[in-house]
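File shown: upload.json (JSON, C-alpha atoms).
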```json
[["chain", "number", "residue", "atom", "x", "y", "z"],
["K", 1, "MET", "CA", 15.60, 33.47, 20.37],
["K", 2, "LYS", "CA", 18.71, 32.07, 18.74],
["K", 3, "LYS", "CA", 18.92, 28.27, 19.06],
["K", 4, "ARG", "CA", 21.18, 25.47, 17.83],
["K", 5, "ILE", "CA", 19.30, 22.38, 16.72],
["K", 6, "LEU", "CA", 20.53, 18.94, 15.73],
["K", 7, "ILE", "CA", 18.22, 17.98, 12.87],
["K", 8, "THR", "CA", 17.01, 14.38, 13.14],
["K", 9, "VAL", "CA", 13.65, 14.52, 11.33],
["K", 10, "LYS", "CA", 12.54, 15.76, 7.91],
["K", 11, "THR", "CA", 9.12, 14.59, 6.81],
["K", 12, "TYR", "CA", 8.02, 14.10, 3.22],
["K", 13, "PRO", "CA", 6.88, 17.46, 1.81],
["K", 14, "THR", "CA", 3.24, 18.48, 1.84],
["K", 15, "PHE", "CA", 1.67, 21.78, 0.90],
["K", 16, "SER", "CA", -0.96, 24.08, 2.33],
["K", 17, "ASP", "CA", -3.02, 27.13, 1.35],
["K", 18, "LYS", "CA", -1.06, 29.33, 3.73],
["K", 19, "TYR", "CA", 2.55, 28.20, 3.62],
["K", 20, "GLU", "CA", 3.20, 26.56, 0.22],
["K", 21, "GLU", "CA", 5.18, 23.32, 0.14],
["K", 22, "LEU", "CA", 6.28, 22.43, 3.65],
["K", 23, "VAL", "CA", 8.57, 20.08, 5.51],
["K", 24, "CYS", "CA", 8.09, 19.32, 9.19],
["K", 25, "THR", "CA", 11.54, 19.51, 10.73],
["K", 26, "ALA", "CA", 12.40, 18.32, 14.22],
["K", 27, "GLY", "CA", 15.46, 17.62, 16.30],
["K", 28, "PHE", "CA", 17.21, 18.22, 19.58],
["K", 29, "THR", "CA", 18.47, 21.38, 21.25],
["K", 30, "GLU", "CA", 21.94, 21.53, 22.77],
["K", 31, "ALA", "CA", 20.24, 20.71, 26.09],
["K", 32, "GLY", "CA", 18.86, 17.51, 24.57],
["K", 33, "GLU", "CA", 15.23, 18.65, 24.38],
["K", 34, "TRP", "CA", 12.94, 17.87, 21.45],
["K", 35, "ILE", "CA", 11.92, 20.79, 19.24],
["K", 36, "ARG", "CA", 9.73, 21.09, 16.15],
["K", 37, "ILE", "CA", 10.49, 23.79, 13.55],
["K", 38, "TYR", "CA", 7.49, 24.64, 11.42],
["K", 39, "PRO", "CA", 6.81, 25.91, 8.83],
["K", 40, "VAL", "CA", 9.92, 25.51, 6.69],
["K", 41, "PRO", "CA", 9.59, 25.63, 2.85],
["K", 42, "TYR", "CA", 12.75, 23.52, 2.68],
["K", 43, "ARG", "CA", 13.22, 23.20, -1.08],
["K", 44, "LYS", "CA", 12.98, 26.96, -1.47],
["K", 45, "LEU", "CA", 15.82, 27.66, 0.92],
["K", 46, "ASP", "CA", 19.10, 28.87, -0.52],
["K", 47, "PHE", "CA", 21.42, 25.93, -1.20],
["K", 48, "GLY", "CA", 23.67, 26.92, 1.70],
["K", 49, "SER", "CA", 20.72, 26.71, 4.09],
["K", 50, "GLN", "CA", 19.44, 23.29, 2.99],
["K", 51, "TYR", "CA", 20.34, 21.18, 5.98],
["K", 52, "SER", "CA", 20.65, 17.40, 6.03],
["K", 53, "LYS", "CA", 19.81, 15.10, 8.90],
["K", 54, "TYR", "CA", 22.29, 15.24, 11.79],
["K", 55, "ALA", "CA", 23.41, 18.71, 10.83],
["K", 56, "TRP", "CA", 23.61, 21.33, 13.56],
["K", 57, "VAL", "CA", 21.73, 24.42, 12.45],
["K", 58, "GLU", "CA", 21.45, 27.83, 14.07],
["K", 59, "LEU", "CA", 18.40, 30.05, 13.62],
["K", 60, "ASP", "CA", 16.10, 32.49, 15.39],
["K", 61, "LEU", "CA", 12.94, 30.87, 16.72],
["K", 62, "VAL", "CA", 9.84, 32.03, 18.56],
["K", 63, "LYS", "CA", 7.25, 29.87, 20.29],
["K", 64, "ASN", "CA", 4.44, 28.99, 17.92],
["K", 65, "THR", "CA", 1.48, 30.48, 19.77],
["K", 66, "GLU", "CA", -0.97, 28.95, 17.27],
["K", 67, "ASP", "CA", 0.15, 25.44, 18.25],
["K", 68, "PRO", "CA", -0.56, 24.10, 21.77],
["K", 69, "ARG", "CA", 2.14, 21.42, 21.51],
["K", 70, "PRO", "CA", 5.05, 22.50, 23.74],
["K", 71, "GLU", "CA", 7.78, 21.44, 21.28],
["K", 72, "SER", "CA", 6.50, 23.62, 18.44],
["K", 73, "TRP", "CA", 8.47, 26.72, 17.42],
["K", 74, "ARG", "CA", 8.59, 28.72, 14.20],
["K", 75, "PRO", "CA", 11.49, 30.49, 12.47],
["K", 76, "THR", "CA", 11.41, 34.28, 12.44],
["K", 77, "ASN", "CA", 13.31, 34.35, 9.14],
["K", 78, "ARG", "CA", 13.42, 31.28, 6.92],
["K", 79, "ASP", "CA", 16.35, 32.74, 4.97],
["K", 80, "ASP", "CA", 18.56, 32.99, 8.05],
["K", 81, "ILE", "CA", 19.23, 29.32, 8.76],
["K", 82, "LYS", "CA", 22.93, 28.60, 9.22],
["K", 83, "ILE", "CA", 24.53, 25.16, 9.12],
["K", 84, "VAL", "CA", 27.15, 25.17, 11.88],
["K", 85, "GLY", "CA", 28.23, 21.53, 12.15],
["K", 86, "ARG", "CA", 27.36, 17.88, 11.68],
["K", 87, "ILE", "CA", 27.53, 14.60, 13.61],
["K", 88, "ASP", "CA", 28.81, 11.89, 11.28],
["K", 89, "THR", "CA", 29.05, 8.14, 11.87],
["K", 90, "SER", "CA", 32.77, 7.83, 11.22],
["K", 91, "ASN", "CA", 33.90, 4.23, 10.80],
["K", 92, "GLY", "CA", 30.38, 3.05, 11.50],
["K", 93, "LEU", "CA", 30.37, 4.42, 15.04],
["K", 94, "TRP", "CA", 27.06, 5.89, 16.21],
["K", 95, "THR", "CA", 28.22, 6.87, 19.71],
["K", 96, "ALA", "CA", 27.91, 10.63, 19.32],
["K", 97, "ARG", "CA", 24.41, 10.43, 17.82],
["K", 98, "LYS", "CA", 23.27, 7.93, 20.44],
["K", 99, "ALA", "CA", 24.41, 10.23, 23.24],
["K", 100, "ILE", "CA", 21.87, 12.83, 22.12],
["K", 101, "VAL", "CA", 19.06, 10.78, 20.60],
["K", 102, "LEU", "CA", 18.77, 8.05, 23.22],
["K", 103, "LYS", "CA", 18.62, 10.19, 26.37],
["K", 104, "GLU", "CA", 14.93, 9.41, 26.78],
["K", 105, "VAL", "CA", 13.47, 6.35, 25.09],
["K", 106, "HIS", "CA", 9.82, 5.31, 25.40],
["K", 107, "THR", "CA", 8.71, 1.68, 25.28],
["K", 108, "SER", "CA", 5.02, 1.96, 26.17],
["K", 109, "MET", "CA", 2.59, 3.35, 23.61],
["K", 110, "ALA", "CA", -0.15, 3.51, 26.25],
["K", 111, "THR", "CA", 1.95, 5.76, 28.48],
["K", 112, "LEU", "CA", 3.06, 7.91, 25.57],
["K", 113, "ILE", "CA", -0.52, 8.40, 24.34],
["K", 114, "ALA", "CA", -1.64, 9.29, 27.87],
["K", 115, "ASP", "CA", 1.12, 11.91, 28.09],
["K", 116, "ALA", "CA", 0.05, 13.33, 24.74],
["K", 117, "LYS", "CA", -3.58, 13.64, 25.87],
["K", 118, "ASN", "CA", -2.63, 15.24, 29.19],
["K", 119, "PRO", "CA", -2.81, 19.03, 28.54],
["K", 120, "ASP", "CA", -0.20, 19.64, 31.23],
["K", 121, "ILE", "CA", 2.33, 17.49, 29.34],
["K", 122, "ALA", "CA", 1.05, 17.24, 25.75],
["K", 123, "THR", "CA", 4.04, 15.24, 24.53],
["K", 124, "SER", "CA", 4.14, 15.43, 20.74],
["K", 125, "LEU", "CA", 7.65, 14.18, 19.89],
["K", 126, "ALA", "CA", 9.37, 11.07, 21.21],
["K", 127, "VAL", "CA", 11.95, 8.37, 20.61],
["K", 128, "PHE", "CA", 10.27, 4.96, 20.77],
["K", 129, "LYS", "CA", 11.80, 1.48, 20.96],
["K", 130, "PRO", "CA", 9.39, -1.22, 19.76],
["K", 131, "LYS", "CA", 9.48, -4.56, 21.57],
["K", 132, "LYS", "CA", 9.20, -6.30, 18.21],
["K", 133, "VAL", "CA", 8.60, -5.17, 14.63],
["K", 134, "HIS", "CA", 6.22, -7.63, 12.99],
["K", 135, "ASP", "CA", 5.87, -6.25, 9.49],
["K", 136, "PHE", "CA", 6.29, -3.41, 7.03],
["K", 137, "ILE", "CA", 3.25, -2.88, 4.81],
["K", 138, "TRP", "CA", 1.79, -0.43, 2.33],
["K", 139, "GLU", "CA", -1.60, 0.63, 1.07],
["K", 140, "GLU", "CA", -2.38, 2.27, -2.25],
["K", 141, "GLU", "CA", -3.64, 5.82, -1.96],
["K", 142, "GLN", "CA", -7.09, 6.49, -3.40],
["K", 143, "GLU", "CA", -5.97, 9.91, -4.58],
["K", 144, "LYS", "CA", -2.57, 9.52, -6.23],
["K", 145, "GLU", "CA", -2.17, 13.20, -7.15],
["K", 146, "TRP", "CA", -2.51, 16.42, -5.18],
["K", 147, "ASP", "CA", -5.92, 18.06, -5.28],
["K", 148, "LYS", "CA", -5.93, 19.82, -8.67],
["K", 149, "GLU", "CA", -8.24, 22.64, -7.59],
["K", 150, "LYS", "CA", -6.15, 23.43, -4.54],
["K", 151, "LEU", "CA", -2.93, 23.23, -6.52],
["K", 152, "SER", "CA", -4.37, 25.53, -9.21],
["K", 153, "ILE", "CA", -5.27, 28.16, -6.59],
["K", 154, "LEU", "CA", -1.73, 28.08, -5.23],
["K", 155, "GLN", "CA", -0.20, 28.38, -8.68],
["K", 156, "GLN", "CA", -2.45, 31.32, -9.55],
["K", 157, "GLY", "CA", -1.05, 33.07, -6.51],
["K", 158, "ASN", "CA", 2.49, 32.64, -7.90],
["K", 159, "LEU", "CA", 3.43, 30.72, -4.79],
["K", 160, "PHE", "CA", 5.60, 28.33, -6.77],
["K", 161, "GLU", "CA", 7.71, 30.91, -8.58],
["K", 162, "GLU", "CA", 11.24, 31.40, -7.38],
["K", 163, "LYS", "CA", 13.69, 33.81, -8.97],
["K", 164, "GLY", "CA", 11.83, 33.88, -12.29],
["K", 165, "ALA", "CA", 11.51, 30.11, -12.63],
["K", 166, "GLU", "CA", 8.49, 27.96, -11.91],
["K", 167, "PHE", "CA", 8.81, 25.91, -8.75],
["K", 168, "LYS", "CA", 7.50, 22.37, -9.27],
["K", 169, "VAL", "CA", 5.68, 20.94, -6.30],
["K", 170, "VAL", "CA", 6.93, 17.58, -5.07],
["K", 171, "ARG", "CA", 5.10, 14.50, -6.33],
["K", 172, "LYS", "CA", 2.56, 12.94, -4.01],
["K", 173, "LEU", "CA", 3.43, 9.42, -2.88],
["K", 174, "PRO", "CA", 0.91, 6.94, -4.36],
["K", 175, "PHE", "CA", 1.25, 4.59, -1.35],
["K", 176, "LYS", "CA", 1.03, 4.84, 2.43],
["K", 177, "PHE", "CA", 3.75, 2.89, 4.21],
["K", 178, "LYS", "CA", 3.33, 1.53, 7.74],
["K", 179, "TYR", "CA", 5.20, -0.40, 10.40],
["K", 180, "VAL", "CA", 3.32, -3.07, 12.36],
["K", 181, "PHE", "CA", 4.97, -3.41, 15.77],
["K", 182, "GLU", "CA", 4.51, -4.54, 19.34],
["K", 183, "SER", "CA", 4.75, -2.31, 22.40],
["K", 184, "GLU", "CA", 6.21, -3.51, 25.71],
["K", 185, "SER", "CA", 2.72, -4.43, 26.97],
["K", 186, "GLY", "CA", 2.19, -6.75, 24.02],
["K", 187, "SER", "CA", -0.28, -4.43, 22.26],
["K", 188, "ILE", "CA", 0.01, -4.30, 18.47],
["K", 189, "HIS", "CA", 0.15, -0.99, 16.61],
["K", 190, "LYS", "CA", 0.16, 0.00, 12.96],
["K", 191, "LEU", "CA", 1.61, 3.46, 12.33],
["K", 192, "MET", "CA", 2.14, 5.36, 9.10],
["K", 193, "ILE", "CA", 5.62, 6.59, 8.17],
["K", 194, "GLU", "CA", 6.11, 10.10, 6.79],
["K", 195, "ASP", "CA", 9.88, 10.13, 6.40],
["K", 196, "TRP", "CA", 11.47, 12.14, 3.57],
["K", 197, "GLU", "CA", 14.07, 9.42, 2.97],
["K", 198, "LEU", "CA", 11.37, 6.78, 2.51],
["K", 199, "GLY", "CA", 9.67, 8.90, -0.14],
["K", 200, "ALA", "CA", 12.94, 9.48, -1.96],
["K", 201, "LEU", "CA", 13.68, 5.75, -1.81],
["K", 202, "PHE", "CA", 10.30, 4.93, -3.37],
["K", 203, "TRP", "CA", 10.89, 7.24, -6.32],
["K", 204, "LYS", "CA", 14.36, 5.76, -6.78],
["K", 205, "GLY", "CA", 12.89, 2.27, -6.76],
["K", 206, "LEU", "CA", 10.19, 3.28, -9.24],
["K", 207, "GLU", "CA", 12.82, 4.71, -11.57],
["K", 208, "LYS", "CA", 14.76, 1.45, -11.40],
["K", 209, "THR", "CA", 11.84, -0.94, -11.76],
["K", 210, "GLN", "CA", 9.14, 1.07, -13.58],
["K", 211, "ASP", "CA", 6.66, -0.82, -11.41],
["K", 212, "GLY", "CA", 4.84, 0.50, -8.32],
["K", 213, "ALA", "CA", 4.64, -2.85, -6.50],
["K", 214, "LYS", "CA", 8.33, -3.56, -7.11],
["K", 215, "ALA", "CA", 9.21, -0.05, -5.92],
["K", 216, "CYS", "CA", 7.38, -0.79, -2.66],
["K", 217, "GLU", "CA", 9.39, -4.00, -2.27],
["K", 218, "TYR", "CA", 12.51, -1.91, -2.90],
["K", 219, "VAL", "CA", 11.53, 0.28, 0.07],
["K", 220, "ARG", "CA", 10.77, -2.77, 2.23],
["K", 221, "ALA", "CA", 14.24, -4.18, 1.54],
["K", 222, "LYS", "CA", 15.72, -1.26, 3.46],
["K", 223, "TYR", "CA", 13.06, -0.41, 6.03],
["K", 224, "PHE", "CA", 12.38, -4.02, 7.07],
["K", 225, "ASP", "CA", 15.00, -6.42, 5.74],
["K", 226, "ALA", "CA", 17.88, -4.09, 6.69],
["K", 227, "PHE", "CA", 16.62, -1.86, 9.52],
["K", 228, "VAL", "CA", 14.75, -4.56, 11.43],
["K", 229, "LYS", "CA", 17.06, -7.51, 10.86],
["K", 230, "LYS", "CA", 20.49, -5.87, 10.82],
["K", 231, "HIS", "CA", 20.09, -2.62, 12.76],
["K", 232, "ASP", "CA", 18.95, -1.57, 16.22],
["K", 233, "LEU", "CA", 15.75, 0.20, 15.16],
["K", 234, "TYR", "CA", 14.04, 3.08, 16.98],
["K", 235, "PHE", "CA", 11.16, 5.24, 15.79],
["K", 236, "PHE", "CA", 10.92, 9.01, 15.90],
["K", 237, "LEU", "CA", 7.25, 9.58, 16.70],
["K", 238, "GLY", "CA", 5.33, 12.81, 16.28],
["K", 239, "THR", "CA", 1.77, 14.09, 16.33],
["K", 240, "THR", "CA", -0.03, 16.45, 13.99],
["K", 241, "LYS", "CA", -1.56, 19.63, 15.32],
["K", 242, "LEU", "CA", -5.00, 18.72, 13.94],
["K", 243, "TRP", "CA", -5.22, 15.26, 15.50],
["K", 244, "HIS", "CA", -3.14, 15.63, 18.66],
["K", 245, "PHE", "CA", -6.11, 15.82, 21.03],
["K", 246, "ARG", "CA", -8.63, 14.11, 18.71],
["K", 247, "ALA", "CA", -7.23, 10.80, 17.50],
["K", 248, "PRO", "CA", -7.20, 7.75, 19.81],
["K", 249, "ASN", "CA", -3.52, 7.39, 18.91],
["K", 250, "PRO", "CA", -2.27, 10.73, 17.54],
["K", 251, "PHE", "CA", 1.26, 9.55, 16.71],
["K", 252, "ILE", "CA", 2.80, 8.74, 13.35],
["K", 253, "ILE", "CA", 6.36, 7.69, 12.57],
["K", 254, "ILE", "CA", 8.21, 10.75, 11.32],
["K", 255, "GLY", "CA", 11.62, 9.13, 11.02],
["K", 256, "THR", "CA", 13.82, 6.24, 12.09],
["K", 257, "PHE", "CA", 17.01, 5.96, 14.12],
["K", 258, "HIS", "CA", 18.88, 2.84, 13.11],
["K", 259, "PRO", "CA", 22.41, 2.39, 14.45],
["K", 260, "LEU", "CA", 24.12, -0.80, 13.40],
["K", 261, "ALA", "CA", 23.16, -3.65, 15.71],
["K", 262, "ASP", "CA", 25.59, -5.38, 18.01],
["K", 263, "PRO", "CA", 26.66, -8.55, 16.12],
["K", 264, "GLN", "CA", 25.27, -10.64, 18.97],
["K", 265, "MET", "CA", 21.84, -9.03, 18.56],
["K", 266, "THR", "CA", 21.54, -10.27, 14.97],
["K", 267, "LEU", "CA", 21.90, -13.85, 16.24],
["K", 268, "LEU", "CA", 18.89, -13.58, 18.57]]
```
Final C-alpha cells representation of the file:
Amino acid sequence: MKKRILITVKTYPTFSDKYEELVCTAGFTEAGEWIRIYPVPYRKLDFGSQYSKYAWVELDLVKNTEDPRPESWRPTNRDDIKIVGRIDTSNGLWTARKAIVLKEVHTSMATLIADAKNPDIATSLAVFKPKKVHDFIWEEEQEKEWDKEKLSILQQGNLFEEKGAEFKVVRKLPFKFKYVFESESGSIHKLMIEDWELGALFWKGLEKTQDGAKACEYVRAKYFDAFVKKHDLYFFLGTTKLWHFRAPNPFIIIGTFHPLADPQMTLL
C-alpha cells in the first residue's frame, strides 16, 4: 500500500542479526495517524532516499504481521523511498508542524501505559506533554562497544559491504541519557532517550572537548538548558516490540518536539 508519511522520529542506529544496522523511523500519515516504519537500514539507502525529519516521504508499506503493535508497518522495498516534500519552520514559525503533531497530546503516563497494555488498543506511539521537566541526566554504559562476537558474525556474512566498500557500523553511545519529568498526576518518571540527533550531538561535543563528561554537558545544554527553559517541549514516546507487554512502563523517548516557547511562557 502506497503511503505518504511525515517523518518526525529517527532513533539512534542499532543493529541486529537479521536486519543489519537499523533505524526505527516513525511519523504521521496524511490522515494524522501515527505509523512506525521498520526495518529501515537508513545509512545504506541511496543518498536521494535519505530522508530528514519533517520530510514527507512516499513508499509502499505492508502491515508488519510479526509485530502486534497496530502502528507497525514495514517497507516492501527499501530502495523505493521517495522524498516528496518537507515542512520547514520558516521565520521561526512552527504552525504547520504543530497542526499535524499536536492533534492528540497525552498528559497522563498512567492512562498511556494502560492503553499500551490493553490488547484492544496497544498504543505504542504517542505525543506526550510533561507537566514539568525536573532534570536531564546520564549514566555510563557498562559495555561501551558493540558485542564483538555478534559484530564479527555480521561482518563474516558481508552484511556491511556496500558497492565494494566496507560499511562501518555506527559507534555505540557510551552513555544513556534520560529525562526526569512529572506527569499530570504528579508522578515522577525517568525515561531513556534514543534520539538520533542526541547521539550526533554527543559525538560532536566529544570531538570539541575530547572529554566524555564535558560532551554530556554539551548535550544537556541543548536538551535541558535550551529545550526545557526556552522551548515548549513535548516528547515523542514509543515502545519496543520486546517490552511492550512485559515492562511496567514500556515507553522510551524516541524524539522531541520543541517549538519555540511563547515569550510569556519563559517568564513563568
Checklist entry - Please, what distance in Å, to one decimal, runs between CA of Ile121 in chain K and CA of Tyr38 in chain K? => result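 Those two atoms sit 20.0 Å apart.
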Q) Counting only C-alpha atoms, what is within 12 Å of His134 in chain K, bar same-chain residues fewer than 4 positions away, as a PyMOL selection string? A) chain K and resi 130+178-183+186-190+224-225+228-229
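When all atoms listed in the file are used to compute distances to Lys222 in chain K, the closest of the residues K:Ala126, K:Leu206, K:Leu201, K:Leu242 turns out to be K:Leu201.
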Could you tell me which of K:Cys24, K:Lys3, K:Lys132, K:Thr95 comes closest to Asp80 in chain K if we count only C-alpha atoms?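 For Asp80 in chain K, the nearest of the candidates is K:Lys3.
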May I have the residues within 8 Å of range 102-107 of chain K as an MDAnalysis selection string, using all atoms listed in the file and disregarding those fewer than 2 positions away in the same chain?
chainID K and resid 32 98:100 109 112 126:131 183:184
Self-check item: Atom-to-atom span, CA of Glu58 in chain K and CA of Gly255 in chain K, Å
Solution: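 CA of Gly255 in chain K lies 21.3 Å from CA of Glu58 in chain K.
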Checklist line | Atomic distance CA of Asp67 in chain K - CA of Val84 in chain K, expressed in Å with one decimal | finding: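 Rounded to one decimal, the two atoms are 27.7 Å apart.
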query = Which residue gives the smallest distance to Ala247 in chain K among K:Lys82, K:Lys117, K:Gln210, K:Arg171, with all atoms listed in the file counted?
reply =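 The closest residue to Ala247 in chain K is K:Lys117.
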Item checked: Nearest-residue call for Lys2 in chain K, choices K:Cys216, K:Ala26, K:Ala55, K:Leu61, using all atoms listed in the file ->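 Looking only at the distances to Lys2 in chain K, the closest residue turns out to be K:Leu61.
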**Request:** List every protein, DNA or RNA residue that has an atom no more than 10 Å from (-1.6, 5.1, -8.2) in the file's coordinate frame, counting all atoms listed in the file, and report them as number ranges by chain.
**Result:** K: 140-145, 172-175, 212
Using all atoms listed in the file, the best pick from K:Trp138, K:Tyr54, K:Phe251, K:Phe257 as closest to Ala110 in chain K would be K:Phe251
Using only C-alpha atoms, the best pick from K:Glu71, K:Glu217, K:Asp211, K:Glu139 as closest to Gly238 in chain K would be K:Glu71
